$ cat run21.tsv   # TSV, C-alpha atoms
chain	number	residue	atom	x	y	z
A	1	MET	CA	-6.89	14.18	34.67
A	2	ALA	CA	-6.43	13.12	31.07
A	3	ARG	CA	-9.38	11.34	29.55
A	4	SER	CA	-8.81	7.66	28.71
A	5	PHE	CA	-10.42	5.83	25.83
A	6	PRO	CA	-11.77	2.27	25.99
A	7	ASP	CA	-10.01	-0.40	23.95
A	8	LEU	CA	-13.11	-1.30	21.91
A	9	PRO	CA	-13.47	1.99	19.96
A	10	LEU	CA	-9.72	2.08	19.39
A	11	ALA	CA	-9.69	-1.45	18.05
A	12	ALA	CA	-12.61	-0.66	15.77
A	13	GLY	CA	-10.87	2.38	14.33
A	14	LEU	CA	-7.65	0.49	13.76
A	15	LEU	CA	-9.52	-2.40	12.18
A	16	LEU	CA	-11.15	-0.12	9.65
A	17	ALA	CA	-7.91	1.70	8.89
A	18	ALA	CA	-6.07	-1.54	8.32
A	19	GLY	CA	-8.82	-2.89	6.12
A	20	ALA	CA	-8.69	0.26	4.00
A	21	VAL	CA	-5.05	-0.31	3.16
A	22	PHE	CA	-5.16	-4.05	2.60
A	23	ALA	CA	-7.40	-4.32	-0.48
A	24	ALA	CA	-5.97	-5.42	-3.82
A	25	GLN	CA	-8.70	-7.11	-5.83
A	26	GLY	CA	-11.22	-4.39	-6.58
A	27	LYS	CA	-13.84	-4.68	-3.83
A	28	LEU	CA	-12.92	-4.53	-0.18
A	29	ALA	CA	-14.84	-6.56	2.39
A	30	LEU	CA	-13.52	-6.34	5.92
A	31	ASP	CA	-12.53	-9.66	7.43
A	32	ASN	CA	-14.40	-9.64	10.72
A	33	ARG	CA	-13.22	-13.12	11.70
A	34	THR	CA	-9.42	-12.71	11.64
A	35	PRO	CA	-8.23	-10.39	14.44
A	36	ILE	CA	-6.27	-7.22	13.77
A	37	VAL	CA	-3.23	-6.97	16.02
A	38	PHE	CA	-2.05	-3.42	16.75
A	39	GLU	CA	1.33	-2.42	18.20
A	40	GLY	CA	2.31	1.16	18.86
A	41	GLY	CA	1.78	3.97	21.30
A	42	ARG	CA	4.82	4.47	23.52
A	43	ALA	CA	3.17	7.50	25.10
A	44	CYS	CA	2.37	9.01	21.69
A	45	PHE	CA	-1.23	7.82	21.27
A	46	ARG	CA	-3.94	10.49	21.19
A	47	ALA	CA	-7.56	10.23	20.12
A	48	ASN	CA	-10.69	12.34	20.09
A	49	LEU	CA	-13.39	10.05	18.80
A	50	GLY	CA	-15.97	12.81	19.07
A	51	ALA	CA	-13.93	14.92	16.66
A	52	GLY	CA	-13.05	11.88	14.55
A	53	THR	CA	-9.26	12.09	15.01
A	54	LEU	CA	-6.65	9.57	16.07
A	55	GLU	CA	-2.84	9.67	16.17
A	56	SER	CA	-0.04	7.25	17.08
A	57	CYS	CA	3.64	6.50	16.43
A	58	ASP	CA	5.65	3.31	15.75
A	59	VAL	CA	2.61	1.67	14.20
A	60	VAL	CA	2.44	-2.02	13.28
A	61	LEU	CA	-0.86	-3.51	12.12
A	62	ARG	CA	-1.27	-7.20	11.29
A	63	GLN	CA	-4.13	-9.36	10.14
A	64	GLY	CA	-3.33	-13.05	9.92
A	65	THR	CA	-0.13	-13.90	8.05
A	66	GLY	CA	-0.84	-12.07	4.80
A	67	THR	CA	-1.49	-8.45	5.68
A	68	LEU	CA	0.81	-5.95	7.35
A	69	ILE	CA	1.31	-2.19	7.58
A	70	GLN	CA	4.21	-0.48	9.32
A	71	ALA	CA	4.97	3.22	9.72
A	72	LYS	CA	6.68	5.51	12.18
A	73	ASN	CA	3.64	7.79	12.37
A	74	ALA	CA	-0.09	7.54	11.69
A	75	LYS	CA	-2.83	10.18	11.82
A	76	ALA	CA	-6.54	9.98	11.05
A	77	ARG	CA	-9.15	12.65	10.56
A	78	GLY	CA	-12.78	12.75	9.54
A	79	LEU	CA	-13.54	9.40	11.15
A	80	SER	CA	-17.25	8.68	11.17
A	81	SER	CA	-18.74	8.98	14.62
A	82	ALA	CA	-21.31	6.30	13.75
A	83	GLY	CA	-18.81	3.55	13.11
A	84	LEU	CA	-15.50	5.09	12.08
A	85	GLU	CA	-15.91	3.58	8.61
A	86	ASP	CA	-15.33	6.88	6.79
A	87	GLY	CA	-12.18	8.96	7.03
A	88	GLU	CA	-8.69	9.81	5.85
A	89	TRP	CA	-5.49	8.32	7.20
A	90	GLN	CA	-1.95	9.63	6.80
A	91	PHE	CA	1.02	7.29	7.33
A	92	SER	CA	4.55	8.69	7.22
A	93	ASP	CA	8.22	7.77	7.60
A	94	GLY	CA	9.16	4.22	6.59
A	95	VAL	CA	5.76	3.13	5.29
A	96	HIS	CA	5.66	-0.58	4.44
A	97	ILE	CA	2.44	-2.28	3.29
A	98	GLU	CA	1.79	-5.92	2.39
A	99	PHE	CA	-1.53	-7.17	1.04
A	100	ASP	CA	-2.66	-9.99	-1.22
A	101	ASN	CA	0.81	-10.79	-2.63
A	102	ALA	CA	1.60	-7.10	-3.18
A	103	VAL	CA	4.12	-4.91	-1.35
A	104	LEU	CA	4.41	-1.11	-1.23
A	105	ASP	CA	7.32	0.78	0.33
A	106	ALA	CA	7.22	4.57	0.50
A	107	ASP	CA	8.03	7.65	2.54
A	108	SER	CA	4.35	8.48	3.07
A	109	ALA	CA	0.88	7.16	2.30
A	110	MET	CA	-2.61	8.61	2.28
A	111	VAL	CA	-5.68	6.38	2.54
A	112	VAL	CA	-9.31	7.38	2.08
A	113	PHE	CA	-12.07	4.87	2.76
A	114	ALA	CA	-15.87	4.85	3.00
A	115	ASP	CA	-18.53	2.33	4.06
A	116	ASN	CA	-15.88	-0.20	5.08
A	117	ARG	CA	-14.46	-0.15	1.55
A	118	LEU	CA	-11.24	1.22	0.18
A	119	LYS	CA	-11.66	4.32	-1.93
A	120	GLU	CA	-8.13	5.68	-2.50
A	121	VAL	CA	-4.53	4.91	-1.56
A	122	HIS	CA	-1.68	7.23	-2.55
A	123	VAL	CA	1.95	6.54	-1.66
A	124	LYS	CA	4.83	8.92	-2.27
A	125	GLY	CA	8.58	8.49	-2.22
A	126	ALA	CA	11.14	10.84	-0.74
A	127	SER	CA	13.22	13.17	-2.92
A	128	ALA	CA	16.14	10.73	-3.03
A	129	GLU	CA	14.17	7.49	-2.79
A	130	PRO	CA	11.15	6.74	-5.03
A	131	ALA	CA	8.17	4.72	-3.91
A	132	ARG	CA	8.41	1.02	-4.76
A	133	PHE	CA	6.07	-1.88	-5.34
A	134	SER	CA	6.35	-5.59	-6.00
A	135	HIS	CA	3.60	-8.07	-6.80
A	136	GLN	CA	3.42	-11.82	-7.05
A	137	VAL	CA	1.20	-12.61	-10.02
A	138	LYS	CA	-1.21	-15.45	-9.27
A	139	ASP	CA	-0.30	-18.83	-10.80
A	140	THR	CA	2.98	-17.53	-12.29
A	141	PRO	CA	6.62	-17.90	-11.17
A	142	ARG	CA	7.45	-14.21	-11.48
A	143	ARG	CA	7.33	-11.29	-9.09
A	144	ASN	CA	6.89	-7.98	-10.91
A	145	GLN	CA	8.33	-4.81	-9.42
A	146	GLY	CA	8.54	-1.12	-10.10
A	147	ARG	CA	9.36	2.29	-8.70
A	148	ALA	CA	8.12	5.83	-9.27
A	149	ALA	CA	7.76	9.18	-7.52
A	150	THR	CA	4.14	8.32	-6.69
A	151	ILE	CA	2.05	5.14	-6.77
A	152	ASP	CA	-1.76	5.33	-6.57
A	153	TYR	CA	-4.04	2.38	-5.92
A	154	ASP	CA	-7.49	2.37	-7.55
A	155	SER	CA	-9.86	-0.06	-5.85
A	156	ALA	CA	-12.48	0.04	-8.60
A	157	GLY	CA	-10.09	-1.28	-11.23
A	158	ALA	CA	-7.63	-3.13	-8.96
A	159	THR	CA	-4.79	-1.12	-10.52
A	160	LEU	CA	-1.66	0.74	-9.49
A	161	ARG	CA	-0.71	3.94	-11.30
A	162	LEU	CA	3.01	4.74	-11.24
A	163	ALA	CA	4.01	8.27	-12.19
A	164	GLY	CA	7.27	10.23	-12.27
A	165	GLY	CA	10.50	8.54	-13.39
A	166	THR	CA	8.73	5.20	-13.69
A	167	TRP	CA	10.72	1.98	-13.91
A	168	TYR	CA	9.13	-1.47	-14.17
A	169	SER	CA	10.48	-5.02	-14.49
A	170	ASP	CA	8.96	-8.49	-14.74
A	171	GLY	CA	12.26	-10.01	-13.64
A	172	ARG	CA	13.49	-10.30	-17.20
A	173	ASN	CA	12.42	-7.28	-19.25
A	174	GLU	CA	12.52	-3.64	-18.14
A	175	VAL	CA	10.36	-0.63	-18.97
A	176	ASN	CA	11.20	3.07	-18.52
A	177	THR	CA	8.47	5.64	-19.10
A	178	ALA	CA	6.79	8.67	-17.53
A	179	ALA	CA	3.81	6.76	-16.11
A	180	LEU	CA	2.06	3.44	-16.40
A	181	VAL	CA	-0.97	1.59	-15.03
A	182	TYR	CA	-0.39	-1.90	-13.61
A	183	ASN	CA	-3.26	-4.40	-13.27
A	184	LEU	CA	-3.13	-6.40	-10.03
A	185	ASN	CA	-5.49	-9.06	-11.38
A	186	ASP	CA	-3.27	-10.33	-14.19
A	187	GLY	CA	0.01	-8.37	-14.10
A	188	SER	CA	-0.64	-6.54	-17.37
A	189	PHE	CA	0.28	-2.87	-17.79
A	190	SER	CA	-0.10	0.07	-20.16
A	191	ASN	CA	1.49	3.48	-20.36
A	192	VAL	CA	-0.52	6.62	-19.66
A	193	THR	CA	0.19	10.28	-20.20
A	194	GLY	CA	-0.74	13.53	-18.58
A	195	ALA	CA	-0.37	17.16	-19.55
A	196	ASN	CA	3.36	17.21	-18.81
A	197	GLU	CA	4.24	13.57	-19.48
A	198	SER	CA	5.94	12.01	-22.48
A	199	ASP	CA	4.30	9.03	-24.14
A	200	ARG	CA	7.65	7.48	-25.00
A	201	VAL	CA	8.24	3.95	-23.71
A	202	ILE	CA	11.69	2.37	-23.57
A	203	LEU	CA	11.48	-1.43	-23.37
A	204	THR	CA	14.69	-3.35	-22.74
A	205	ILE	CA	14.32	-7.02	-23.69
A	206	ARG	CA	16.79	-9.38	-22.04
A	207	PRO	CA	16.52	-12.81	-23.70
A	208	ASP	CA	19.32	-14.33	-21.62
A	209	LYS	CA	18.03	-13.27	-18.21
A	210	ARG	CA	16.12	-15.83	-16.17
A	211	VAL	CA	13.05	-14.86	-14.22
A	212	PRO	CA	13.82	-15.19	-10.49
A	213	PRO	CA	11.56	-17.34	-8.30
A	214	PRO	CA	9.06	-15.70	-5.95
A	215	ARG	CA	10.55	-14.30	-2.77
A	216	THR	CA	9.28	-13.34	0.64
A	217	PRO	CA	8.95	-9.53	0.91
A	218	ASP	CA	11.84	-7.85	2.69
A	219	ARG	CA	10.33	-6.19	5.71
A	220	ALA	CA	13.67	-4.66	6.72
A	221	THR	CA	12.93	-1.75	4.36
A	222	SER	CA	10.47	-0.38	6.88
A	223	GLN	CA	12.77	-0.48	9.87

$ encode --input "run21.tsv" --output "structure tokens"
Amino acid sequence: MARSFPDLPLAAGLLLAAGAVFAAQGKLALDNRTPIVFEGGRACFRANLGAGTLESCDVVLRQGTGTLIQAKNAKARGLSSAGLEDGEWQFSDGVHIEFDNAVLDADSAMVVFADNRLKEVHVKGASAEPARFSHQVKDTPRRNQGRAATIDYDSAGATLRLAGGTWYSDGRNEVNTAALVYNLNDGSFSNVTGANESDRVILTIRPDKRVPPPRTPDRATSQ
């Protein structure tokens, strides 16, 4: 007979995975008071907590009204047997993430976390559809947005690094470059270069274009 797993260890693992994705302001502290609601399974859930692995399909994770992650598939490996706080998660197919006024949409995402704190998040677009982000800057009327082949979140600096065919807009002006770093704290950005990247920046200034008001993220992109 197949071994069943109690709900408590599963909930703990999902809580830590969700917390790893939902950081945006530098240091991650898990919210232990607001419940994480998990939806998924449909006969596709498998776990081996002794080996530190977990897998599910049609995943929806929510915490309160401000955090959400959706994906068709999710896999974890290297989960800490002591408390599942360390490990690597792979989300794929229709990945949609909302956290702290930021939104990421991508074909796949990889998350590494340790000691209940986010360490790395890497999202990647498909060949015909780049990864996308949007962010509501605090105390401003604008919602910045961008797209690139890859978008990497750095928890230490609260930044997003866009690389590969990068496009960025503040709702009025547009930037095209190889790669840039976007600061989630204040909405500032700078271009960066690598070994095979051009340092050219093309800035299109549109003086007659009004900045649109903030909008609710479109969750239909993940369906």

$ atom_distance --input "run21.tsv" --atom1 "CA of Gly125 in chain A" --atom2 "CA of Lys138 in chain A"
26.8 Å

$ residues_around --input "run21.tsv" --residues "Val137 in chain A" --least-positions-apart "5" --cutoff "9 Å" --atoms "all atoms listed in the file" --output "number ranges by chain"
A: 101-102, 142-144, 184-187

$ residues_near_point --input "run21.tsv" --point "(-4.3, 12.0, 5.2)" --cutoff "8 Å" --atoms "all atoms listed in the file" --output "PyMOL selection string"
chain A and resi 75-77+88-91+109-112

$ atom_distance --input "run21.tsv" --atom1 "CA of Ser155 in chain A" --atom2 "CA of Pro141 in chain A"
24.9 Å

$ atom_distance --input "run21.tsv" --atom1 "CA of Asn48 in chain A" --atom2 "CA of Val60 in chain A"
20.6 Å

$ residues_around --input "run21.tsv" --residues "Gly94 in chain A" --least-positions-apart "5" --cutoff "12 Å" --atoms "only C-alpha atoms" --output "number ranges by chain"
A: 57-60, 69-74, 104-109, 123-126, 129, 131-132, 219-223

$ write_last_selection --input "run21.tsv" --atoms "C-alpha atoms" --output "compact mmCIF listing (two decimals), in the coordinates of the input"
# COMPACT_ATOMS: atom_id res chain seq x y z
CA CYS A 57 3.64 6.50 16.43
CA ASP A 58 5.65 3.31 15.75
CA VAL A 59 2.61 1.67 14.20
CA VAL A 60 2.44 -2.02 13.28
CA ILE A 69 1.31 -2.19 7.58
CA GLN A 70 4.21 -0.48 9.32
CA ALA A 71 4.97 3.22 9.72
CA LYS A 72 6.68 5.51 12.18
CA ASN A 73 3.64 7.79 12.37
CA ALA A 74 -0.09 7.54 11.69
CA LEU A 104 4.41 -1.11 -1.23
CA ASP A 105 7.32 0.78 0.33
CA ALA A 106 7.22 4.57 0.50
CA ASP A 107 8.03 7.65 2.54
CA SER A 108 4.35 8.48 3.07
CA ALA A 109 0.88 7.16 2.30
CA VAL A 123 1.95 6.54 -1.66
CA LYS A 124 4.83 8.92 -2.27
CA GLY A 125 8.58 8.49 -2.22
CA ALA A 126 11.14 10.84 -0.74
CA GLU A 129 14.17 7.49 -2.79
CA ALA A 131 8.17 4.72 -3.91
CA ARG A 132 8.41 1.02 -4.76
CA ARG A 219 10.33 -6.19 5.71
CA ALA A 220 13.67 -4.66 6.72
CA THR A 221 12.93 -1.75 4.36
CA SER A 222 10.47 -0.38 6.88
CA GLN A 223 12.77 -0.48 9.87

$ axis_aligned_box --input "run21.tsv" --around "range 204-207 of chain A" --padding-each-side "8 Å" --output "lines of an AutoDock Vina configuration file"
center_x = 15.6
center_y = -8.1
center_z = -22.9
size_x = 18.5
size_y = 25.5
size_z = 17.7

$ closest_residue --input "run21.tsv" --among "A:Asp86, A:Asp93, A:Asp154, A:Glu39" --to "His122 in chain A" --atoms "all atoms listed in the file"
A:Asp154

$ residues_around --input "run21.tsv" --residues "Val201 in chain A" --least-positions-apart "6" --cutoff "7 Å" --atoms "all atoms listed in the file" --output "short mmCIF file (atom, residue, chain, number, x, y, z; two decimals) with C-alpha atoms, in the frame of the given file"
data_model
loop_
_atom_site.label_atom_id
_atom_site.label_comp_id
_atom_site.auth_asym_id
_atom_site.auth_seq_id
_atom_site.Cartn_x
_atom_site.Cartn_y
_atom_site.Cartn_z
CA VAL A 175 10.36 -0.63 -18.97
CA ASN A 176 11.20 3.07 -18.52
CA THR A 177 8.47 5.64 -19.10
#

$ decode --input "run21.tsv" --residues "range 37-71 of chain A" --atoms "N, CA, C and O atoms" --output "short mmCIF file (atom, residue, chain, number, x, y, z; two decimals), in the first residue's frame"
data_model
loop_
_atom_site.label_atom_id
_atom_site.label_comp_id
_atom_site.auth_asym_id
_atom_site.auth_seq_id
_atom_site.Cartn_x
_atom_site.Cartn_y
_atom_site.Cartn_z
N VAL A 37 -2.47 29.06 1.98
CA VAL A 37 -3.49 28.18 1.42
C VAL A 37 -2.94 27.53 0.16
O VAL A 37 -2.51 28.22 -0.76
N PHE A 38 -2.93 26.20 0.13
CA PHE A 38 -2.38 25.44 -0.99
C PHE A 38 -3.50 24.74 -1.73
O PHE A 38 -4.37 24.11 -1.13
N GLU A 39 -3.48 24.83 -3.06
CA GLU A 39 -4.39 24.08 -3.92
C GLU A 39 -3.56 23.35 -4.96
O GLU A 39 -2.65 23.93 -5.55
N GLY A 40 -3.85 22.12 -5.21
CA GLY A 40 -3.11 21.35 -6.20
C GLY A 40 -3.39 19.88 -6.05
O GLY A 40 -4.43 19.48 -5.52
N GLY A 41 -2.46 19.08 -6.49
CA GLY A 41 -2.60 17.63 -6.36
C GLY A 41 -3.21 17.01 -7.59
O GLY A 41 -2.54 16.81 -8.60
N ARG A 42 -4.49 16.69 -7.50
CA ARG A 42 -5.20 15.98 -8.57
C ARG A 42 -4.46 14.70 -8.95
O ARG A 42 -4.13 14.45 -10.11
N ALA A 43 -4.13 13.93 -7.94
CA ALA A 43 -3.46 12.63 -8.11
C ALA A 43 -2.05 12.76 -8.66
O ALA A 43 -1.50 11.80 -9.20
N CYS A 44 -1.43 13.95 -8.54
CA CYS A 44 -0.07 14.12 -9.03
C CYS A 44 0.89 14.52 -7.92
O CYS A 44 2.03 14.89 -8.20
N PHE A 45 0.44 14.45 -6.67
CA PHE A 45 1.31 14.82 -5.55
C PHE A 45 2.15 13.63 -5.10
O PHE A 45 1.64 12.53 -4.89
N ARG A 46 3.47 13.86 -4.99
CA ARG A 46 4.38 12.84 -4.47
C ARG A 46 5.38 13.51 -3.56
O ARG A 46 5.84 14.63 -3.84
N ALA A 47 5.74 12.85 -2.48
CA ALA A 47 6.72 13.42 -1.56
C ALA A 47 7.52 12.30 -0.91
O ALA A 47 7.01 11.21 -0.65
N ASN A 48 8.78 12.58 -0.65
CA ASN A 48 9.65 11.72 0.14
C ASN A 48 10.41 12.65 1.07
O ASN A 48 11.46 13.18 0.71
N LEU A 49 9.83 12.91 2.22
CA LEU A 49 10.42 13.88 3.12
C LEU A 49 11.76 13.42 3.66
O LEU A 49 12.62 14.23 3.99
N GLY A 50 11.97 12.11 3.72
CA GLY A 50 13.26 11.60 4.14
C GLY A 50 14.35 11.94 3.15
O GLY A 50 15.49 12.22 3.51
N ALA A 51 14.00 11.91 1.85
CA ALA A 51 14.95 12.26 0.80
C ALA A 51 14.92 13.74 0.47
O ALA A 51 15.73 14.21 -0.33
N GLY A 52 13.98 14.48 1.08
CA GLY A 52 13.92 15.92 0.86
C GLY A 52 13.36 16.32 -0.49
O GLY A 52 13.75 17.34 -1.05
N THR A 53 12.40 15.53 -1.03
CA THR A 53 11.82 15.85 -2.33
C THR A 53 10.31 15.97 -2.21
O THR A 53 9.68 15.34 -1.35
N LEU A 54 9.74 16.79 -3.08
CA LEU A 54 8.30 16.99 -3.13
C LEU A 54 7.94 17.42 -4.54
O LEU A 54 8.68 18.13 -5.19
N GLU A 55 6.76 16.97 -5.02
CA GLU A 55 6.34 17.27 -6.39
C GLU A 55 4.84 17.37 -6.44
O GLU A 55 4.11 16.62 -5.78
N SER A 56 4.31 18.33 -7.25
CA SER A 56 2.88 18.46 -7.43
C SER A 56 2.59 19.19 -8.74
O SER A 56 3.48 19.80 -9.33
N CYS A 57 1.34 19.13 -9.19
CA CYS A 57 0.92 19.84 -10.39
C CYS A 57 -0.21 20.80 -10.04
O CYS A 57 -0.77 20.75 -8.95
N ASP A 58 -0.55 21.69 -10.99
CA ASP A 58 -1.64 22.65 -10.84
C ASP A 58 -1.57 23.37 -9.49
O ASP A 58 -2.52 23.36 -8.71
N VAL A 59 -0.44 23.98 -9.25
CA VAL A 59 -0.15 24.55 -7.94
C VAL A 59 -0.67 25.98 -7.83
O VAL A 59 -0.47 26.81 -8.72
N VAL A 60 -1.36 26.27 -6.73
CA VAL A 60 -1.74 27.63 -6.37
C VAL A 60 -1.41 27.80 -4.89
O VAL A 60 -1.88 27.03 -4.05
N LEU A 61 -0.59 28.79 -4.58
CA LEU A 61 -0.25 29.11 -3.20
C LEU A 61 -0.67 30.55 -2.92
O LEU A 61 -0.37 31.46 -3.70
N ARG A 62 -1.36 30.75 -1.81
CA ARG A 62 -1.79 32.09 -1.41
C ARG A 62 -1.42 32.35 0.04
O ARG A 62 -1.46 31.45 0.87
N GLN A 63 -1.10 33.60 0.32
CA GLN A 63 -0.94 34.05 1.69
C GLN A 63 -1.59 35.41 1.82
O GLN A 63 -1.10 36.40 1.26
N GLY A 64 -2.72 35.46 2.52
CA GLY A 64 -3.46 36.71 2.62
C GLY A 64 -3.95 37.15 1.25
O GLY A 64 -4.24 36.35 0.37
N THR A 65 -4.02 38.47 1.05
CA THR A 65 -4.49 39.02 -0.22
C THR A 65 -3.36 39.54 -1.10
O THR A 65 -3.59 39.93 -2.23
N GLY A 66 -2.13 39.54 -0.58
CA GLY A 66 -1.05 40.19 -1.31
C GLY A 66 -0.04 39.27 -1.95
O GLY A 66 0.79 39.72 -2.74
N THR A 67 -0.06 37.99 -1.63
CA THR A 67 0.95 37.09 -2.16
C THR A 67 0.30 35.89 -2.86
O THR A 67 -0.67 35.32 -2.37
N LEU A 68 0.85 35.53 -4.00
CA LEU A 68 0.28 34.46 -4.80
C LEU A 68 1.36 33.87 -5.69
O LEU A 68 2.21 34.60 -6.22
N ILE A 69 1.35 32.55 -5.85
CA ILE A 69 2.18 31.90 -6.87
C ILE A 69 1.34 30.81 -7.53
O ILE A 69 0.66 30.04 -6.86
N GLN A 70 1.39 30.78 -8.86
CA GLN A 70 0.68 29.78 -9.63
C GLN A 70 1.63 29.15 -10.63
O GLN A 70 2.48 29.84 -11.21
N ALA A 71 1.50 27.86 -10.84
CA ALA A 71 2.30 27.15 -11.85
C ALA A 71 1.63 25.81 -12.13
O ALA A 71 0.95 25.25 -11.27
#
